[in-house]
Structure formats: structure tokens, C-alpha cells
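*Asks:* Attaching a single structure in C-alpha cells format; questions to follow.
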Amino acid sequence: MLQNIRDNSQGWIAKTIIGIIVVLLALTGFDAIFNAASNSQTAAKVNGEEIPRYDLDQAMNMQRRQLAQQLGQDFDVSLLDDRLLRDSALGSLIDRMLLLQGAKSADFAFSREALDQLILQTPEFQVDGAFSAARFDQVIQQMGYSRLQFRQLLEQEMLIGQLRAGISGTGFVTDQQVENFARLEMQTRDFETLTIPAQHETIEVSDEQIEEYYQTNADRFRTPEQVIVEYVELKKESFFDQVEASDEELQDLYQQQIANLDEQRRAAHILIETGGELSDEEAKAKIEEIAARVKGGEDFAAIAKEVSQDPGSANEGGDLGFAGTGVYDPAFEDALYALNEGEVSAPVQSEFGWHIIKLLGVQSPEVPSFESMKPELVRELKAQQVEQRFVEISKQLEDAAFEASDLTQPAQELGLMVQTTNAFGREGGEGISANRQVIQAAFSDEVLVDGANSSVIELDPETSIALRVKEHLKPAAIPLADVRDDIVVQLQRSLAAETARTQGEQLLAELRDGKQPDGQWQPVEAAARSQEGVAPALLQAVFRMPRPQQQDKPNYTGVALGNGDYVVVRLNGVNEPETALSDEEKLNYRRFLASRIGQQDFAAYRQKQQAAAKIERF
């Protein structure tokens with residue numbers, strides 16, 4: 001079992017976890033799960049360990065961005081309830097800390113060397129199939145991480161993955177459980193249906209019923225409160241033409257960026273671990289024997305396949321691929337960078353054991369020309385100036401809007417144009433009126449009642465606006481004549497559905513008393529649980545019905561469908577599978593049930609942790 005856990009943690013589970021980390025954090029760009037910076041404010045304590053409020057704020061921001069990504073660009077994240085987001089984010093952080101505590105108390109561990117291998121083999125960090133330190137740095141910097149922070153986060157995720165695999169992987173089922181489940185899953189049923197249609201067109205609706213419905217639902221028949229808003233808009237993009245980047249500044253930035261390019265070295269190694277079967281002295285003696293074999297002319301790769309205790313590289317002849325500085329253990333890295341190509345090091349000790357290292361190749365970084373990078377450099381330098389300019393103009397707009405009685409004067413002073421929205425209500429509209437901050441500002445007492453200009457509202461990092469209400473359209477009753485046809489349709493549908501249900505329930509009572517109804521029954525033979533052509537609600541009702549006690553005494557039930565029709569169901573028989581399960585089918589059912597039980601076990605473990613933990617929320 002322990003070996004299985006270890007294999008899983010270095011196999012597809014590990015790849016899945018690191019893939020999720022890279023994708024989610026690339027989307028957010030924020031240190032939402034882990035941040036090494038200290039913070040005096042505490043959001044919660046879990047068995048004495050603190051969760052900083054900063055981590056909570058960042059986790060909430062990550063959830064907003066994930067929801068925006070899932071729901072599309074038109075979704076306004078400001079519609080989300082901050083209290084619900086906070087509870088969800090804090091719950092996730094607490095649960096994560098409990099899992100980490102559980103993994104550590106169970107002595108799960110993930111070595112630095114295994115982390116190295118995981119990083120080296122991650123496709124997101126590779127260029128042309130080989131690990132690229134420059135690509136690695138680029139990706140984690142976009143996430144807002146240093147190398148140390150990313151490694152710590154990755155180690156934590158792998159520990160949680162080991163804990164999950166260790167518990168979920170223990171789920172098992174008996175042969176009897178497999179057979180019982182398969183029998184129920186493969187069971188079919190014979191039934192007949194008799195439909196009482198909801199005949200909308202036959203329902204007569206009186207003027208009194210229409211009037212009563214209109215009065216009873218008066219709030220539904222009112223125009224919404226709406227506003228028409230004027231606004232001025234600041235776009236960061238518009239400031240790029242107002243700033244310049246000198247050649248001297250561009251050259252300085254170019255030199256800074258090419259200085260960060262890292263030489264790549266392709267290493268191979270042979271590892272003898274310490275702390276297990278061998279003591280440090282025994283491991284050192286063994287690596288010295290291996291070093292002597294290599295020095296005597298034996299093939300390094302062949303010896304690595306034979307004796308190396310690094311499972312990630314042994315089968316590759318010890319080959320670790322290309323990597324830059326900061327990836328390996330410091331002692332390992334020092335020895336590697338002291339070698340010339342083709343040379344083999346003397347025995348080197350790291351925290352993992354004893355190594356001998358061979359330098360297979362050196363890959364100098366490609367230095368892009370100044371001209372090829374110039375557009376990007378210009379953009380970066382201008383972006384810095386634009387950011388400052390944008391902040392200054394936003395402050396000027398804030399002050400001018402506060403002092404002015406409308407937006408005409410601020411617009412003239414800053415060279416902006418006053419724009420107007422279509423009418424929209426408290427549920428929002430299109431364009432900027434779909435933004436929750438805009439809606440809140442437009443319907444605030446200060447803007448709506450007092451007629452003041454709003455403060456500057458940041459729609460996104462690139463856009464800010466100030467607004468005022470141009471026109472306030474108050475709610476008004478919609479005349480009955482305008483909604484009469486809609487009311488008639490609604491009443492016809494509800495009354496027709498009610499009539500069909502009444503007739504169906506009366507028919508059910510007669511059937512259960514032994515009477516035979518008029519009408520044509522529709523038979524369905526050997527229907528499976530996923531039978532096509534049968535309404536899902538009807539199919540669910542059929543499989544909830546008890547088995548008929550006698551062949552000539554069927555069971556009955558009724559189902560109201562979404563369209564108003566009422567269906568009377570007669571269950572005639574239940575058919576058990578006739579053929580025995582094949583070995584492959586048994587195996588598939590066993591895997592499914594074991595996986596489900598394993599997930600239930602892990603969920604129970606988490607519930608037990610929650611119940612036993614001392615958790616303080618602030």
C-alpha cells in the first residue's frame with residue numbers, strides 16, 4: 001500500500017495536481033493559497049496554527065476570478081455576496097490546513113529530490129520537450145511566486161495528495177456487494193402509461209379570474225424602477241500615446257532582461273540513498289565503489305540503470321535533462337557547475353544521500369536582439385509611466401467630480417466625453433450598467449436622491465468612470481389591458497394542469513379498487529434506468545415503485561410532468577439480469593464501488609478532522 005501511495009504521488013496524481021496549480025494560479029496571478037509574507041491580522045486559528053487575513057483576502061480574490069473564468073466575460077463578479085465568498089474561502093483554507101496537519105501527523109513526506117523531478121518533468125516548464133529554467137521562472141513569476149514559494153506550495157499539495165490517495169486507496173468491496181449493485185443497475189422494468197393531457201385550449205377564463213389574478217399579483221405587473229446615467233470614462237490605453245520611452249531607458253531595460261537568462265546544464269547522476277537500509281558511511285563506501293567503476297571505464301548510464309536509487313532517472317541512465325540554477329540541492333548544483341562537459345564528479349553528499357554527477361551537455365541561452373525585443377521593451381516602459389499618469393488623472397477626476405454639479409466641467413478639464421447609458425434597473429443592463437459597482441452607485445442615496453456625481457469607480461484595472469443620474473424613472477403599474485393576454489395564458493396552464501392532476505388521481509383510486517379505465521395504455525418493455533424516449537421524471541418514478549407482489553396485480557402511481565400533463569403508471573413486472581457478469585464487468589463494477597467507498601472514507605476522515613479540531617474564526 002505504501003509503495004502504491006508513493007507511485008501514485010509521483011504519477012498521474014502528481015501531474016494532475018501540478019497541472020491544476022499551474023492553470024489556476026496562471027488564471028489568478030495571485031498568491032491565493034500560500035504567501036510567505038507575515039501578516040499581523042489573523043482570519044482563523046486551526047489547532048493553534050494561524051491563517052493570516054491576507055491569505056483569506058487573496059483566496060477570496062482567487063474565487064472571484066475562477067467564477068468569472070467559468071461563467072464567461074459577461075459575468076459581473078461584483079454581483080457575488082462577499083460574506084458568502086468569505087465563508088467559502090475561509091472554509092477551504094481551514095480544510096486545507098487540517099489536511100496538511102493530518103498528512104504531517106501521519107508522517108507522509110515528499111522529498112526535495114522528488115520535487116525536483118516533478119518540476120523538471122512538468123510540460124508547462126519545458127521548451128521543445130526539455131526543462132527550461134527561463135520558462136519555469138517566467139511561469140511562476142506570472143503567478144507572483146518565487147522559486148522557494150512555489151516549491152513549498154507544491155510540496156504541500158503533494159502531501160495532501162498522498163494523504164488522499166492513502167485513505168481513498170483503502171476502499172474495498174465484497175463479491176456480494178458487487179453482485180447486488182450490478183443486479184440493481186442492470187435491472188429492467190415493464191410498465192404501461194396512460195396520459196391525461198393538460199388541455200389548455202379548453203379552459204375558459206372569466207373576467208373575474210383575470211381581475212383577481214391581476215390584483216393578487218400586482219407587484220408583478222409594475223414597470224421596474226430605472227435610471228439613465230451620464231458618465232465619463234478613463235481608459236488606461238489612451239495614455240500610451242502621451243508618454244515616451246528614451247533609447248537610454250530601453251537599453252537599460254534590455255540589459256536587465258538578458259542578464260536574467262540562465263545557462264542550462266544537462267546532468268546525469270547516480271544516487272545511493274541514506275537514512276534507510278544503509279548508514280551514511282555505508283552509502284559513502286558504496287558510491288566510492290561506483291565512482292571507481294566509472295573511472296575504470298564502465299558506462300555511466302548502464303551503471304545508473306543498475307544501481308541508482310533515484311526512480312525518476314535510473315531508467316534513463318541517470319539523465320535529469322537540462323536545468324538552470326536554483327533547481328537542484330545546493331551541494332549538487334555546486335558540483336555540477338564545477339564540471340566541464342563529459343566530466344564526472346567525485347562523490348557528493350546532499351540531504352538525499354550520496355551522488356556522482358556527470359555533465360552531459362551545456363546549453364547557452366539564446367540572447368534575443370535589442371531590435372526584436374524593442375516593441376516589448378517600449379510597451380513595458382510606457383506601461384510604467386502610463387500607470388502613474390492614470391493614477392494622477394483618476395485623482396484629478398475624483399476631485400473635479402466632487403466639486404462640480406454635473407460632469408460637463410470635469411469632462412472639459414480632462415478632455416473627456418460625456419456618455420449616456422440606456423435606461424436600466426437595479427438588476428442591471430448592458431455595457432457598464434451590467435457592472436454591480438455602477439448599479440450600486442447609480443441607486444445610492446448620494447447619487448439618486450441628492451443628485452451628486454459619484455466617486456471614481458474602477459470597472460477593471462484598465463478602466464475607471466465617474467457617473468451621475470440624468471433621469472430617474474420610477475415604478476408604475478402596468479395597465480391590465482397590456483398584460484391581460486399573458487394572465488390568460490398563465491391561468492389556462494395552471495388550471496389545465498390542476499384539472500389533469502384531479503382526473504389522474506381519481507383514475508388512480510379507481511384502478512387500485514380494481515376498475516378498468518377508458519383509454520389506450522402505452523406499453524414500455526424492459527426499460528433500463530437510462531431508457532431513451534422516456535421522460536426522466538417518469539423513469540425515476542417507475543424505478544422507485546415497489547415490485548408487484550403477484551403477476552396479475554400490478555402497482556400504480558402517478559406523475560405530474562412539467563408541461564402540465566398527468567401520467568398514470570402501471571408497473572407490470574421487474575426483470576433481473578439473466579446472464580452472469582463477465583470478469584471484466586465485475587472488475588469495472590468493483591473499481592467503481594471501491595472508488596466511491598474510498599471517496600466516502602476520505603469525506604468521513606475530513607468530517608472527523610473538523611469535529612476534533614479546535615478552530616477559531618475571527
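Letters A, B, ... go to the chains of the C-alpha cells in the order shown; residues in each chain start at 1; ligands are counted from 1 in the same order.
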Dump as CSV the rows for residues of region 236-279 of chain A within 12 Å of region 108-117 of chain A: closest atom pair and distance in Å with one decimal, only C-alpha atoms counted, ordered by chain and rising residue number.
*Replies:*
residue,atom,partner,partner_atom,distance
A:His269,CA,A:Glu113,CA,11.9
A:Leu271,CA,A:Glu113,CA,10.5
A:Glu273,CA,A:Glu113,CA,11.0
*Asks:* Residues of region 206-401 of chain A in strand (DSSP E) according to DSSP, as a VMD selection string?
*Replies:* chain A and resid 226 to 235 264 to 273 319 to 323 348 to 350 353 to 363
*Asks:* Store the residues picked out above in a file with N, CA, C and O atoms, as a short mmCIF file (atom, residue, chain, number, x, y, z; two decimals), in the first residue's frame.
*Replies:*
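File written: result08.cif
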data_model
loop_
_atom_site.label_atom_id
_atom_site.label_comp_id
_atom_site.auth_asym_id
_atom_site.auth_seq_id
_atom_site.Cartn_x
_atom_site.Cartn_y
_atom_site.Cartn_z
N GLN A 226 -36.04 52.51 -12.86
CA GLN A 226 -34.89 52.57 -13.74
C GLN A 226 -34.23 53.94 -13.67
O GLN A 226 -34.83 54.93 -13.22
N VAL A 227 -32.99 54.00 -14.13
CA VAL A 227 -32.27 55.26 -14.23
C VAL A 227 -31.57 55.32 -15.58
O VAL A 227 -31.25 54.29 -16.18
N ILE A 228 -31.37 56.54 -16.05
CA ILE A 228 -30.50 56.80 -17.20
C ILE A 228 -29.30 57.56 -16.65
O ILE A 228 -29.45 58.56 -15.94
N VAL A 229 -28.11 57.07 -16.96
CA VAL A 229 -26.90 57.58 -16.33
C VAL A 229 -26.00 58.25 -17.36
O VAL A 229 -25.84 57.75 -18.48
N GLU A 230 -25.42 59.39 -16.96
CA GLU A 230 -24.32 60.01 -17.71
C GLU A 230 -23.01 59.63 -17.04
O GLU A 230 -22.95 59.51 -15.81
N TYR A 231 -21.96 59.47 -17.85
CA TYR A 231 -20.67 59.11 -17.25
C TYR A 231 -19.52 59.57 -18.13
O TYR A 231 -19.68 59.80 -19.34
N VAL A 232 -18.36 59.75 -17.50
CA VAL A 232 -17.11 60.00 -18.22
C VAL A 232 -16.18 58.83 -17.91
O VAL A 232 -16.19 58.30 -16.80
N GLU A 233 -15.37 58.47 -18.89
CA GLU A 233 -14.60 57.23 -18.79
C GLU A 233 -13.12 57.51 -19.01
O GLU A 233 -12.73 58.20 -19.95
N LEU A 234 -12.29 56.94 -18.13
CA LEU A 234 -10.84 56.97 -18.30
C LEU A 234 -10.37 55.59 -18.73
O LEU A 234 -10.65 54.60 -18.05
N LYS A 235 -9.66 55.52 -19.87
CA LYS A 235 -9.10 54.25 -20.35
C LYS A 235 -7.59 54.34 -20.31
O LYS A 235 -6.99 55.27 -20.87
N GLN A 264 21.82 26.60 -19.26
CA GLN A 264 21.20 25.31 -18.94
C GLN A 264 22.27 24.22 -18.96
O GLN A 264 23.10 24.16 -19.87
N ARG A 265 22.22 23.36 -17.95
CA ARG A 265 23.17 22.24 -17.89
C ARG A 265 22.40 20.93 -17.82
O ARG A 265 21.45 20.80 -17.05
N ARG A 266 22.85 19.96 -18.62
CA ARG A 266 22.20 18.65 -18.64
C ARG A 266 23.01 17.70 -17.77
O ARG A 266 24.16 17.37 -18.09
N ALA A 267 22.41 17.28 -16.66
CA ALA A 267 23.11 16.45 -15.69
C ALA A 267 22.57 15.03 -15.73
O ALA A 267 21.41 14.78 -16.04
N ALA A 268 23.46 14.09 -15.39
CA ALA A 268 23.04 12.72 -15.08
C ALA A 268 23.67 12.40 -13.73
O ALA A 268 24.73 12.93 -13.37
N HIS A 269 23.00 11.56 -12.96
CA HIS A 269 23.58 11.23 -11.66
C HIS A 269 23.24 9.79 -11.27
O HIS A 269 22.32 9.17 -11.81
N ILE A 270 24.01 9.30 -10.31
CA ILE A 270 23.75 8.02 -9.66
C ILE A 270 23.60 8.33 -8.18
O ILE A 270 24.45 8.97 -7.58
N LEU A 271 22.50 7.88 -7.59
CA LEU A 271 22.19 8.18 -6.19
C LEU A 271 22.19 6.91 -5.35
O LEU A 271 21.59 5.91 -5.73
N ILE A 272 22.82 6.99 -4.19
CA ILE A 272 22.69 5.98 -3.15
C ILE A 272 22.10 6.69 -1.93
O ILE A 272 22.71 7.59 -1.37
N GLU A 273 20.89 6.29 -1.57
CA GLU A 273 20.17 6.98 -0.50
C GLU A 273 20.73 6.63 0.87
O GLU A 273 21.24 5.53 1.08
N ASP A 319 19.82 10.35 -16.46
CA ASP A 319 19.66 11.63 -17.15
C ASP A 319 18.55 12.47 -16.50
O ASP A 319 17.41 12.03 -16.38
N LEU A 320 18.90 13.68 -16.10
CA LEU A 320 17.95 14.61 -15.47
C LEU A 320 17.49 15.70 -16.43
O LEU A 320 16.65 16.53 -16.06
N GLY A 321 18.01 15.72 -17.63
CA GLY A 321 17.62 16.76 -18.58
C GLY A 321 18.31 18.08 -18.29
O GLY A 321 19.14 18.21 -17.37
N PHE A 322 17.98 19.09 -19.09
CA PHE A 322 18.56 20.41 -18.92
C PHE A 322 17.85 21.17 -17.80
O PHE A 322 16.63 21.11 -17.66
N ALA A 323 18.63 21.90 -17.02
CA ALA A 323 18.07 22.76 -15.97
C ALA A 323 19.06 23.87 -15.67
O ALA A 323 20.27 23.75 -15.94
N VAL A 348 29.42 13.25 -4.02
CA VAL A 348 28.85 14.49 -3.47
C VAL A 348 27.72 14.11 -2.53
O VAL A 348 26.85 13.29 -2.88
N GLN A 349 27.71 14.70 -1.34
CA GLN A 349 26.65 14.41 -0.38
C GLN A 349 25.60 15.51 -0.40
O GLN A 349 25.93 16.70 -0.38
N SER A 350 24.33 15.11 -0.47
CA SER A 350 23.21 16.04 -0.33
C SER A 350 22.29 15.50 0.76
O SER A 350 22.59 14.46 1.38
N GLY A 353 21.29 11.80 0.01
CA GLY A 353 22.24 10.70 0.02
C GLY A 353 23.53 11.11 -0.68
O GLY A 353 23.91 12.28 -0.70
N TRP A 354 24.17 10.11 -1.29
CA TRP A 354 25.45 10.35 -1.99
C TRP A 354 25.24 10.19 -3.49
O TRP A 354 24.57 9.28 -3.95
N HIS A 355 25.87 11.11 -4.23
CA HIS A 355 25.74 11.13 -5.70
C HIS A 355 27.12 11.11 -6.34
O HIS A 355 28.11 11.59 -5.76
N ILE A 356 27.17 10.61 -7.56
CA ILE A 356 28.20 11.04 -8.50
C ILE A 356 27.46 11.64 -9.70
O ILE A 356 26.39 11.15 -10.08
N ILE A 357 28.02 12.71 -10.25
CA ILE A 357 27.31 13.51 -11.25
C ILE A 357 28.14 13.59 -12.51
O ILE A 357 29.36 13.79 -12.47
N LYS A 358 27.46 13.47 -13.65
CA LYS A 358 28.12 13.62 -14.94
C LYS A 358 27.46 14.76 -15.70
O LYS A 358 26.24 14.84 -15.77
N LEU A 359 28.28 15.66 -16.27
CA LEU A 359 27.77 16.76 -17.08
C LEU A 359 27.67 16.29 -18.52
O LEU A 359 28.68 16.05 -19.18
N LEU A 360 26.43 16.13 -19.00
CA LEU A 360 26.21 15.62 -20.36
C LEU A 360 26.25 16.70 -21.42
O LEU A 360 26.54 16.43 -22.59
N GLY A 361 25.94 17.92 -21.04
CA GLY A 361 25.92 18.98 -22.04
C GLY A 361 25.64 20.33 -21.42
O GLY A 361 25.13 20.43 -20.30
N VAL A 362 26.01 21.37 -22.15
CA VAL A 362 25.79 22.75 -21.71
C VAL A 362 25.04 23.46 -22.83
O VAL A 362 25.41 23.36 -24.00
N GLN A 363 24.00 24.16 -22.46
CA GLN A 363 23.16 24.85 -23.43
C GLN A 363 23.14 26.33 -23.09
O GLN A 363 22.58 26.74 -22.09
#
*Asks:* I'd like the neighbourhood of Ile478 (chain A) as a ChimeraX atom specification, where a residue qualifies if any of its atoms comes within 9 Å (using only C-alpha atoms), though same-chain residues fewer than 3 positions away should be ignored.
*Replies:* /A:218,221-223,481-483
*Asks:* Excluding Met97 (chain A) and its own-chain neighbours fewer than 2 positions away, which residues fall within 10 Å of it when counting only C-alpha atoms? Please give them as a compact mmCIF listing (two decimals) with N, CA and C atoms, in the first residue's frame.
*Replies:*
# COMPACT_ATOMS: atom_id res chain seq x y z
N LYS A 45 -7.66 30.42 13.43
CA LYS A 45 -6.64 29.56 14.00
C LYS A 45 -7.15 28.13 13.94
N VAL A 46 -6.28 27.22 13.50
CA VAL A 46 -6.64 25.82 13.37
C VAL A 46 -5.65 25.01 14.21
N ASN A 47 -6.13 24.49 15.31
CA ASN A 47 -5.26 23.76 16.25
C ASN A 47 -4.02 24.58 16.60
N GLU A 49 -2.51 26.87 14.78
CA GLU A 49 -1.83 27.44 13.61
C GLU A 49 -2.69 28.55 13.00
N GLU A 50 -2.05 29.66 12.67
CA GLU A 50 -2.78 30.83 12.19
C GLU A 50 -2.96 30.81 10.67
N ILE A 51 -4.12 31.31 10.25
CA ILE A 51 -4.37 31.61 8.83
C ILE A 51 -4.43 33.13 8.73
N GLY A 91 -13.43 28.53 4.71
CA GLY A 91 -13.65 27.10 4.90
C GLY A 91 -12.64 26.26 4.14
N SER A 92 -12.32 26.69 2.91
CA SER A 92 -11.34 25.96 2.10
C SER A 92 -9.95 26.04 2.72
N LEU A 93 -9.57 27.21 3.21
CA LEU A 93 -8.25 27.36 3.83
C LEU A 93 -8.14 26.54 5.11
N ILE A 94 -9.21 26.52 5.90
CA ILE A 94 -9.22 25.72 7.13
C ILE A 94 -9.11 24.23 6.79
N ASP A 95 -9.90 23.80 5.81
CA ASP A 95 -9.88 22.40 5.40
C ASP A 95 -8.50 22.01 4.90
N LEU A 99 -5.90 19.18 6.48
CA LEU A 99 -5.34 18.09 5.68
C LEU A 99 -3.81 18.07 5.78
N LEU A 100 -3.20 19.24 5.75
CA LEU A 100 -1.74 19.31 5.90
C LEU A 100 -1.32 18.80 7.28
N GLN A 101 -2.06 19.21 8.30
CA GLN A 101 -1.75 18.72 9.64
C GLN A 101 -1.91 17.21 9.72
N GLY A 102 -2.96 16.69 9.08
CA GLY A 102 -3.17 15.24 9.06
C GLY A 102 -2.06 14.51 8.33
N ALA A 103 -1.61 15.06 7.21
CA ALA A 103 -0.53 14.43 6.44
C ALA A 103 0.77 14.40 7.24
N GLN A 156 3.34 21.03 -0.32
CA GLN A 156 2.11 20.91 0.45
C GLN A 156 1.02 20.19 -0.34
N ILE A 160 -0.87 16.56 0.59
CA ILE A 160 -2.32 16.36 0.63
C ILE A 160 -2.73 15.26 -0.34
*Asks:* What does the distance from CA of Met373 (chain A) to CA of Tyr254 (chain A) come to in Å, to one decimal?
*Replies:* 7.7 Å
*Asks:* Select from region 358-526 of chain A everything DSSP, run on the backbone, classes as alpha helix (DSSP H), then give the selection as a PyMOL selection string.
*Replies:* chain A and resi 370-403+408-414+436-442+480-512
*Asks:* Rank A:Ala301, A:Gln440, A:Glu366, A:Glu263 by their smallest atom-to-atom distance to Tyr337 (chain A), using only C-alpha atoms, and report the top residue only.
*Replies:*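 Selected residue with least distance to Tyr337 (chain A): A:Glu263.
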